[in-house]
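A.B. asks: This is the structure I want to talk about, given as structure tokens.
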Amino acid sequence: MTLHRRFFILTAIMFGLSACTSTSIERTSDATAVSASTTSVYSESSLTSSSTVYFSYDNYNIDSIGSDKIKNLAAIVKMNGLNVRVEGHCDERGTREYNLALGERRANAIAELLIINGVSKANIMTVSYGEEKPSARGSNEKSWSKNRRALIKTF
Amino acid sequence: MKHLNKIIFFLLFFSSSYFYSQLRIEITGGTDEPIKVAMVPFEWTLDLAPPFYLHEIVKKDLESFAEFSVLNPEDMLSYPTLEEEVSYRDWRLLKVDYLIIGSVLKSEIEGEVNISYSILDVSRQKNVHKALMMGSLGSLNRIGHNISDRIYEKINGIPGIFSTKIAYVDKPVANKESYDLRITDINGEGDLSLFLSSQPILSPDWSPDGKQIAYVSFEEGTSRIYIQELSTGNRRALKHEKGINSSPSWSPDGNFLTGVLSKGGNPDLYLYDLKNNNWKQLTDHYGIDTEPDWSPNGKSLIFTSNRSGSPQIYEINISSMRVKRKTFEGTYNARARYLPDGKKIIYVHRRKGVFHIALHNLKTGKISILTDTFLDESPSVAPNGNVIIYATKDKTTDTDVLAGVTINGKTKFILPSASGGAREPAWSPILDKY
């Protein structure tokens, strides 16, 4: 369903509700539909995903495969004067807001390694999505291991 | 003849379900002996047929959490409308604890109705509540939920929650890039979208007056806290800081929000002044501090911190800023919420690798596990403190569903979601003042 169509339907629902006549039983709260603002919506299309580093459970240590990836990537970033966006992700276990904090630790660990490898701090931004953007569905270790990751995107 | 008419209407409408609903309550667990209530179909003196039957609405409401059992009209021995018509013997025979009688009368005002009713205690043969309500014919179902709330309150001594709402985030299984902040009446009616985004939405929290919802949205590519007014749909963004901006929680007076910012290098609790639009730091620790919730008296906050090495629940006194650890059992205790009495909390507790919702008495230290589902999280307490709603995983279908449990752990229910992606429930405060 497109956003437009959805909004239309919601407006129709709301109109239906407001058509009810007034009542002396006071209702303190009546919800009105609103659609997402289209002006500042972040777009992923301008980013090219360059690398993914995986982590073990409840952990933000980068293994040797990961650090080799970061070393290579750092060289490319420096050579081409690119900017980097690092996204930290978690698996679904644990609470969502606590996982936001864990995802940030993963993103920060990658950012630090990029800096050690000569990328300027000013060219790196980090964001944690916690468990909100899994790459694999399923409540098992196979999916979880794919979701505990940091995506390093260059632009 | 009058009675026969009522019964015919009853039969006509009996099989029809009145509303489409995305979420609806399905009882899954056992219960105690419920309180037995009989509501005689109200006398109807209007010329047109009733759009809804109040006794059907009340029956559905009161039986929601299996605390009550409501007698079907066809099992009744008499159909009194007035107190003097009541033969208590009939109701004692049917083992009814409380009897509700009343009538819907024509009003002087066009399109309006007057409803008068009484709640009678059968064993004491006493009228415990008498009420007159006025409203439009179109709001008859709301009036029904209000009557349910009153019956609940008069019998149980705590407010009924049948006019409350639940905010939740819907992430359909079929669409990876759709996050929908929705709101639904607790009875499954009026499910509406508040905000739709291609980027994650999380942590909805109601303002104490029930007129606004604060939440986190990633629509700008990074987390930011927004406040949305329900009546207008207007949104207001809180001042954004570098890093995580998460976990909004309204102060009981509605003037402040606590949130979590990581601008200092790691997540700490901050206080946002809604008048002056600025953040003030509350905790400063190199560990993770997150998931704050205000005590009902506004004097302290509970939050999750891993300052001891694993996530545990702590309490901070707002005036003295003294921090005290509250949980010591297990290596994962997180996202705590106070009960309305401020003396108990619920939180996510991991035991043998499994996440459940625990109830913790702060005075006695007693902990009881309330749930037995899989990957339980995001518990939210009903404003009367009697029911908890939380998010869980349906293992068989691998979908996100909302589930609930009464605070005594006896009645369990699920709210199946059409999209397979309901999560992060937040129970509203009491909304209707009758």
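Going through the structure tokens in order, the chains are called A, B, and so on, while each chain numbers its residues from 1 and the ligands are numbered from 1 in the order shown.
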Which chain B residues are at most 7 Å from chain A (counting only C-alpha atoms), as a ChimeraX atom specification?

C.D. replies: /B:134-136,138-139,192-197,200,210-211,219-222,230-233,243,247,267,288,290-291,334-335,375,377,398,431-434

A.B. asks: Once DSSP has gone over the backbone, tell me which residues of stretch 111-172 of chain B are in alpha helix (DSSP H), as a count of residues only.

C.D. replies: 17

A.B. asks: Tell me, as a ChimeraX atom specification, which residues lie within 9 Å of A:Leu151, counting only C-alpha atoms; anything in the same chain fewer than 5 positions away does not count.

C.D. replies: /A:49-54,85-89,107
